[in-house]
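Taking it in order: structure first as C-alpha cells, then the write-up.
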There are 2 protein chains.
Amino acid sequence: MPSSQRQPDQTRARILAAAQAAFAEQGYDRASVAAICRAAGVTKGGFYHHFESKQALFWELLSQWLDGLDGRLSLLEQGAESVPDQLVAMTGVVGHVLAAAAGQLPIYIEYLTQALRDPELQAATGAPYARYHQRIAALIRRGVEEGSLRPAPPEATASVVLGLVMGLLVQALLAPEAADWQQAAAEALRILLKGLAKE
Amino acid sequence: MPSSQRQPDQTRARILAAAQAAFAEQGYDRASVAAICRAAGVTKGGFYHHFESKQALFWELLSQWLDGLDGRLSLLEQGAESVPDQLVAMTGVVGHVLAAAAGQLPIYIEYLTQALRDPELQAATGAPYARYHQRIAALIRRGVEEGSLRPAPPEATASVVLGLVMGLLVQALLAPEAADWQQAAAEALRILLKGLAKE
C-alpha cells in the first residue's frame, strides 16, 4: 500500500497519527472517518485520496508496526551466535517493542477483534503471523541441527514461543500492575531454554 | 449479579443466549440492545428488568464462562497427585474448555478489547485474572515444596503458565488452520514440565 507521491507525504502521516490516537481512545468502531479528518486537519476528499477506507488505514498502521518488528528481528539474526543466544536476544527485542508500543497496543488487540469477525481481514492478518511462525520454526530447526537444542518439533515449538510472547503481552495489557512483567519475561525465557535444552 | 427471581428465569436465559449470538456475529459495539431484545422476544422493559445495561449483560456472560472454568479446575485439584500430574491434567481441561467454547471465544476477545478502554471493566476483569494467577502460583509453590519442581519463583511462573494458555488461545482463534493446536499444547506442556523440572 505505498502512497503514489514521490515526496514524503505530510498529510498521510498526519492522518495516520490522528487515526492512531482516535483508535486508541475510542476504539476502531467508534472512531469515525469524520473525527479522524477533523483531528488531522484534512477534508474527507483528502482522506480518501490517501486511504481507500478506514480498514485500509487500520491495516497500514498494523503493517508499519509489524515491519518495524521484522526489521529488529532481522538485525538480530545477523548478530547472535547460537540459537539459545538468539532466543535471549529476541526476548530483549520483544521487551523493547512492548515498552515502545505500550500506548498503541490496544489498537492491535482491537484489530485482532476485527479480524476475528472479518474473513478478509483474517486472511491479511495471517500473512505476518505466518512470517513470524516460519522465522521461529527455522530458528528452532537450526538449533536442533547445531546441537544446541533437543530434537523439538520446530512448528509446534514455534507456536509455543509465539504463544508465550502473545500471552505475556495480553496479560501485561489487561493487568499492567498485576505482576513484574520483566521478571515474568525472564522466567519465560528460563523455562523455554531449560525446556528446549539437550538432555 | 444474581437475579432476584426464585425460579430459573427463562427470559433471562433467552436474553443471554440472544446476546451471546449477537456479540459473536456483530461484536459488542454493533450489537444493539434493541436487536438483542428482538432476537430474544422480549421488550426493552423486560431487558432492563434483568440487566442494568449491555455491559452488565456482557459481564454476566463472561462470569458464567469463568465460573465454569473454575469449577473444572477445582475438581481437578482434588484428583491429581503430584504438581506435574496436575499440570498435565490442567492442559486437558484447557483443551476441553477451548473445544467447547470455540464459537464463543471471539466474545471474550471482544470483552478484552472493551476492558482495555474502560477502567471500571478493567477492574472487574482483574478479579478472575487474579484468581487464576493465585491458583497457579499456589500450585507452583506446592510443587517446589514437595520437591517435584525446581525452586522457580511462583508468581512469575504463574504469569508464564497463564501466558502460554492465553497465547495459544489467541493464535488458535486468529489462525485456526495454521497449526496443529493439540500438538502445540502438548509441546507447551513438555517445555513447561522440562523447564520446571528439578535439576
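Going by the C-alpha cells order, chains are called A, B, ..., each with residues numbered from 1, while ligands are numbered from 1 in the order shown.
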
Residues near Trp181 in chain B, cut-off 12 Å, only C-alpha atoms, skip fewer than 2 positions along chain, as a PDB file with C-alpha atoms, in the first residue's frame:
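Final file, result.pdb:
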ATOM      1  CA  GLU A 155       6.468 -25.985  14.018  1.00  0.00           C
ATOM      2  CA  ALA A 156       4.813 -26.794  17.333  1.00  0.00           C
ATOM      3  CA  THR A 157       7.667 -25.206  19.263  1.00  0.00           C
ATOM      4  CA  ALA A 158       7.327 -22.020  17.215  1.00  0.00           C
ATOM      5  CA  SER A 159       3.636 -21.899  18.199  1.00  0.00           C
ATOM      6  CA  VAL A 160       4.672 -22.216  21.845  1.00  0.00           C
ATOM      7  CA  GLY A 163       2.162 -18.116  22.362  1.00  0.00           C
TER       8      GLY A 163
ATOM      9  CA  THR B  91      -3.763 -28.984  29.885  1.00  0.00           C
ATOM     10  CA  VAL B  94      -7.993 -26.137  28.996  1.00  0.00           C
ATOM     11  CA  GLY B  95      -8.180 -28.122  25.741  1.00  0.00           C
ATOM     12  CA  LEU B  98     -11.391 -24.383  24.255  1.00  0.00           C
ATOM     13  CA  ALA B  99     -13.106 -27.039  22.165  1.00  0.00           C
ATOM     14  CA  VAL B 165      -2.635 -20.659  27.786  1.00  0.00           C
ATOM     15  CA  GLY B 167      -1.155 -17.056  23.840  1.00  0.00           C
ATOM     16  CA  LEU B 168      -2.109 -20.417  22.349  1.00  0.00           C
ATOM     17  CA  LEU B 169      -5.744 -19.374  22.611  1.00  0.00           C
ATOM     18  CA  VAL B 170      -5.246 -16.141  20.699  1.00  0.00           C
ATOM     19  CA  GLN B 171      -3.275 -17.910  17.974  1.00  0.00           C
ATOM     20  CA  ALA B 172      -5.818 -20.714  17.635  1.00  0.00           C
ATOM     21  CA  LEU B 173      -8.544 -18.083  17.256  1.00  0.00           C
ATOM     22  CA  LEU B 174      -6.663 -15.958  14.761  1.00  0.00           C
ATOM     23  CA  ALA B 175      -5.312 -18.776  12.638  1.00  0.00           C
ATOM     24  CA  PRO B 176      -7.287 -21.937  13.399  1.00  0.00           C
ATOM     25  CA  GLU B 177      -5.842 -23.752  10.374  1.00  0.00           C
ATOM     26  CA  ALA B 178      -2.236 -22.567  10.750  1.00  0.00           C
ATOM     27  CA  ALA B 179      -1.079 -25.291  13.092  1.00  0.00           C
ATOM     28  CA  GLN B 183       0.346 -30.781  19.156  1.00  0.00           C
ATOM     29  CA  ALA B 184       1.277 -27.209  20.135  1.00  0.00           C
ATOM     30  CA  ALA B 185      -0.459 -27.594  23.516  1.00  0.00           C
ATOM     31  CA  ALA B 186       1.341 -30.907  24.098  1.00  0.00           C
ATOM     32  CA  GLU B 187       4.680 -29.284  23.215  1.00  0.00           C
ATOM     33  CA  ALA B 188       3.928 -26.343  25.523  1.00  0.00           C
TER      34      ALA B 188
END

When you look at Asp70 in chain B with a cut-off of 10 Å (counting only C-alpha atoms), what residues show up, excluding the ones that are within fewer than 6 positions of it in the same chain? I need them as a tab-separated table (two decimals) with C-alpha atoms, in the first residue's frame.
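So the final result, stored in around39.tsv, reads:
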chain	number	residue	atom	x	y	z
B	64	GLN	CA	-20.67	-17.70	33.63
B	76	LEU	CA	-9.08	-31.37	39.13
B	128	PRO	CA	-10.92	-13.56	37.92
B	131	ARG	CA	-7.86	-15.76	40.98
B	132	TYR	CA	-6.30	-17.91	38.24
B	135	ARG	CA	-4.33	-20.66	41.91

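Of the residues listed (B:Glu146, B:Asp85, B:Glu77, B:Glu110), B:Glu110 shows the shortest atom-to-atom separation from chain A; distances use only C-alpha atoms.
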
Among A:Gly92, A:Pro84, A:Pro119, A:Gly41, Leu149 in chain A is approached most closely, using only C-alpha atoms, by A:Pro84

Requested in this report: Report the distance between CA of Ala124 in chain A and CA of Leu139 in chain A in Å, rounded to one decimal place.
Outcome: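 Answer for the CA of Ala124 in chain A to CA of Leu139 in chain A separation: 24.1 Å.
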
Quick one: residues within 9 Å of Ala39 in chain A, only C-alpha atoms, excluding same-chain residues fewer than 5 positions away - as a PyMOL selection string? chain A and resi 14-15+18-19+22+34

Convert the current residue selection to file output with N, CA, C and O atoms, as a short mmCIF file (atom, residue, chain, number, x, y, z; two decimals), in the first residue's frame.
data_model
loop_
_atom_site.label_atom_id
_atom_site.label_comp_id
_atom_site.auth_asym_id
_atom_site.auth_seq_id
_atom_site.Cartn_x
_atom_site.Cartn_y
_atom_site.Cartn_z
N ARG A 14 -0.05 12.74 8.90
CA ARG A 14 -0.97 13.35 9.87
C ARG A 14 -2.22 12.49 10.06
O ARG A 14 -2.71 12.32 11.17
N ILE A 15 -2.73 11.95 8.97
CA ILE A 15 -3.92 11.08 9.06
C ILE A 15 -3.59 9.84 9.90
O ILE A 15 -4.36 9.44 10.78
N ALA A 18 -3.36 10.81 13.57
CA ALA A 18 -4.68 11.12 14.13
C ALA A 18 -5.50 9.84 14.32
O ALA A 18 -6.20 9.67 15.33
N ALA A 19 -5.40 8.94 13.35
CA ALA A 19 -6.16 7.68 13.43
C ALA A 19 -5.66 6.84 14.59
O ALA A 19 -6.45 6.26 15.34
N ALA A 22 -7.11 8.23 17.68
CA ALA A 22 -8.56 8.04 17.75
C ALA A 22 -8.91 6.57 18.04
O ALA A 22 -9.78 6.28 18.85
N ALA A 34 -14.83 10.97 9.91
CA ALA A 34 -15.03 12.42 10.08
C ALA A 34 -14.17 12.95 11.24
O ALA A 34 -13.51 13.99 11.11
#

- Lys54 in chain B surroundings by only C-alpha atoms, 12 Å radius, close-in-sequence under 5 positions cut, as a count of residues only: 23
